[in-house]
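Below is one structure; the comments refer to it alone.
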Amino acid sequence: MSKKTNNHPIVSLATRELEVYHMLAKGMKTSEIANALSLKANTISTIKKVIFKKLEITSIFELYKLSENIKN
């Protein structure tokens with residue numbers, strides 16, 4: 001997988017999904033993200049599922065790993 005973000009599936013994320021992605025990558029919990037964005041935890045959980053599907057990942061660990069690869 002290329003380290004260039006223009007070839008990366010992260011570009012397929014919508015604005016809100018990208019915002020939640022960055023918060024998850026910082027280690028924030030679903031409830032913390034919900035409070036920060038004034039949304040319900042269920043909404044954040046749904047967004048998280050969409051992110052995982054679009055990025056073809058299955059765990060938060062994979063999200064952390066992916067975010068580290070993008071930084072490098």
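Chains: A, B, ... in order of the structure tokens. Residues: from 1 per chain. Ligands: from 1, in order shown.
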
**Request:** Could you give me, as number ranges by chain, the residues within 12 Å of Ala14 in chain A, counting only C-alpha atoms and dropping anything in the same chain fewer than 3 positions from it?
**Result:** A: 9-11, 17-21, 47-48, 50-51, 54

Expected file: the selected residues, N, CA and C atoms, as a PDB file, in the first residue's frame:
```
ATOM      1  N   PRO A   9      -7.206   4.663   0.727  1.00  0.00           N
ATOM      2  CA  PRO A   9      -8.656   4.628   0.911  1.00  0.00           C
ATOM      3  C   PRO A   9      -9.192   5.703   1.861  1.00  0.00           C
ATOM      4  N   ILE A  10      -8.317   6.326   2.630  1.00  0.00           N
ATOM      5  CA  ILE A  10      -8.770   7.369   3.548  1.00  0.00           C
ATOM      6  C   ILE A  10      -9.421   8.532   2.782  1.00  0.00           C
ATOM      7  N   VAL A  11      -9.036   8.717   1.524  1.00  0.00           N
ATOM      8  CA  VAL A  11      -9.625   9.801   0.735  1.00  0.00           C
ATOM      9  C   VAL A  11     -11.098   9.550   0.447  1.00  0.00           C
ATOM     10  N   GLU A  17     -16.728  11.520   8.774  1.00  0.00           N
ATOM     11  CA  GLU A  17     -16.020  10.267   8.984  1.00  0.00           C
ATOM     12  C   GLU A  17     -14.536  10.526   9.220  1.00  0.00           C
ATOM     13  N   LEU A  18     -13.965  11.438   8.476  1.00  0.00           N
ATOM     14  CA  LEU A  18     -12.555  11.785   8.638  1.00  0.00           C
ATOM     15  C   LEU A  18     -12.302  12.403  10.009  1.00  0.00           C
ATOM     16  N   GLU A  19     -13.228  13.237  10.443  1.00  0.00           N
ATOM     17  CA  GLU A  19     -13.129  13.866  11.764  1.00  0.00           C
ATOM     18  C   GLU A  19     -13.139  12.797  12.858  1.00  0.00           C
ATOM     19  N   VAL A  20     -14.061  11.845  12.756  1.00  0.00           N
ATOM     20  CA  VAL A  20     -14.148  10.760  13.739  1.00  0.00           C
ATOM     21  C   VAL A  20     -12.906   9.869  13.640  1.00  0.00           C
ATOM     22  N   TYR A  21     -12.441   9.598  12.427  1.00  0.00           N
ATOM     23  CA  TYR A  21     -11.224   8.805  12.222  1.00  0.00           C
ATOM     24  C   TYR A  21     -10.053   9.411  12.997  1.00  0.00           C
ATOM     25  N   ILE A  47     -20.835   5.579  12.516  1.00  0.00           N
ATOM     26  CA  ILE A  47     -19.783   6.207  11.706  1.00  0.00           C
ATOM     27  C   ILE A  47     -18.517   5.349  11.756  1.00  0.00           C
ATOM     28  N   LYS A  48     -18.192   4.836  12.933  1.00  0.00           N
ATOM     29  CA  LYS A  48     -17.005   3.987  13.105  1.00  0.00           C
ATOM     30  C   LYS A  48     -17.112   2.735  12.229  1.00  0.00           C
ATOM     31  N   VAL A  50     -18.784   2.428   9.447  1.00  0.00           N
ATOM     32  CA  VAL A  50     -18.616   2.859   8.052  1.00  0.00           C
ATOM     33  C   VAL A  50     -17.135   3.078   7.744  1.00  0.00           C
ATOM     34  N   ILE A  51     -16.433   3.713   8.669  1.00  0.00           N
ATOM     35  CA  ILE A  51     -14.993   3.943   8.498  1.00  0.00           C
ATOM     36  C   ILE A  51     -14.263   2.617   8.334  1.00  0.00           C
ATOM     37  N   LYS A  54     -15.026   1.125   4.886  1.00  0.00           N
ATOM     38  CA  LYS A  54     -14.367   1.839   3.795  1.00  0.00           C
ATOM     39  C   LYS A  54     -12.864   1.604   3.783  1.00  0.00           C
TER      40      LYS A  54
END
```

**Item:** Spatial neighbours of Gly27 in chain A, max dist 12 Å, only C-alpha atoms, sep filter under 4 positions, as a VMD selection string
**Value:** chain A and resid 20 to 23 31 to 33 60 to 61 63 to 64 67

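Of note, CA of Asn35 in chain A and CA of Lys65 in chain A are spaced 25.1 Å apart.
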
**Request:** Just list the residues in chain A DSSP gives alpha helix (DSSP H) on the backbone, as a ChimeraX atom specification.
**Result:** /A:15-25,30-37,41-55,60-71

Deliver the residues from the most recent selection as a file, using C-alpha atoms, as a PDB file, in the first residue's frame.
```pdb
ATOM      1  CA  THR A  15     -15.795  14.982   6.229  1.00  0.00           C
ATOM      2  CA  ARG A  16     -17.514  13.728   9.407  1.00  0.00           C
ATOM      3  CA  GLU A  17     -16.020  10.267   8.984  1.00  0.00           C
ATOM      4  CA  LEU A  18     -12.555  11.785   8.638  1.00  0.00           C
ATOM      5  CA  GLU A  19     -13.129  13.866  11.764  1.00  0.00           C
ATOM      6  CA  VAL A  20     -14.148  10.760  13.739  1.00  0.00           C
ATOM      7  CA  TYR A  21     -11.224   8.805  12.222  1.00  0.00           C
ATOM      8  CA  HIS A  22      -8.737  11.371  13.544  1.00  0.00           C
ATOM      9  CA  MET A  23     -10.349  11.343  16.990  1.00  0.00           C
ATOM     10  CA  LEU A  24     -10.239   7.544  17.096  1.00  0.00           C
ATOM     11  CA  ALA A  25      -6.604   7.608  15.974  1.00  0.00           C
ATOM     12  CA  THR A  30     -16.804   6.580  21.413  1.00  0.00           C
ATOM     13  CA  SER A  31     -18.456   8.455  24.291  1.00  0.00           C
ATOM     14  CA  GLU A  32     -15.730  11.124  24.287  1.00  0.00           C
ATOM     15  CA  ILE A  33     -16.121  11.672  20.554  1.00  0.00           C
ATOM     16  CA  ALA A  34     -19.905  11.847  20.913  1.00  0.00           C
ATOM     17  CA  ASN A  35     -19.591  14.511  23.612  1.00  0.00           C
ATOM     18  CA  ALA A  36     -17.015  16.497  21.622  1.00  0.00           C
ATOM     19  CA  LEU A  37     -19.199  16.510  18.503  1.00  0.00           C
ATOM     20  CA  ALA A  41     -22.741   7.465  21.018  1.00  0.00           C
ATOM     21  CA  ASN A  42     -24.822   5.263  18.688  1.00  0.00           C
ATOM     22  CA  THR A  43     -24.205   7.738  15.862  1.00  0.00           C
ATOM     23  CA  ILE A  44     -20.458   7.591  16.467  1.00  0.00           C
ATOM     24  CA  SER A  45     -20.587   3.783  16.543  1.00  0.00           C
ATOM     25  CA  THR A  46     -22.346   3.799  13.167  1.00  0.00           C
ATOM     26  CA  ILE A  47     -19.783   6.207  11.706  1.00  0.00           C
ATOM     27  CA  LYS A  48     -17.005   3.987  13.105  1.00  0.00           C
ATOM     28  CA  LYS A  49     -18.500   0.939  11.342  1.00  0.00           C
ATOM     29  CA  VAL A  50     -18.616   2.859   8.052  1.00  0.00           C
ATOM     30  CA  ILE A  51     -14.993   3.943   8.498  1.00  0.00           C
ATOM     31  CA  PHE A  52     -13.892   0.373   9.168  1.00  0.00           C
ATOM     32  CA  LYS A  53     -15.764  -0.859   6.096  1.00  0.00           C
ATOM     33  CA  LYS A  54     -14.367   1.839   3.795  1.00  0.00           C
ATOM     34  CA  LEU A  55     -10.822   1.315   5.050  1.00  0.00           C
ATOM     35  CA  ILE A  60      -9.097  -0.196  16.317  1.00  0.00           C
ATOM     36  CA  PHE A  61      -5.540  -1.574  16.354  1.00  0.00           C
ATOM     37  CA  GLU A  62      -5.594  -1.660  12.543  1.00  0.00           C
ATOM     38  CA  LEU A  63      -6.833   1.942  12.544  1.00  0.00           C
ATOM     39  CA  TYR A  64      -3.913   2.974  14.776  1.00  0.00           C
ATOM     40  CA  LYS A  65      -1.495   1.131  12.509  1.00  0.00           C
ATOM     41  CA  LEU A  66      -3.000   2.736   9.424  1.00  0.00           C
ATOM     42  CA  SER A  67      -2.810   6.222  10.905  1.00  0.00           C
ATOM     43  CA  GLU A  68       0.860   5.680  11.779  1.00  0.00           C
ATOM     44  CA  ASN A  69       1.613   4.557   8.212  1.00  0.00           C
ATOM     45  CA  ILE A  70      -0.009   7.698   6.833  1.00  0.00           C
ATOM     46  CA  LYS A  71       2.075   9.920   9.134  1.00  0.00           C
TER      47      LYS A  71
END
```
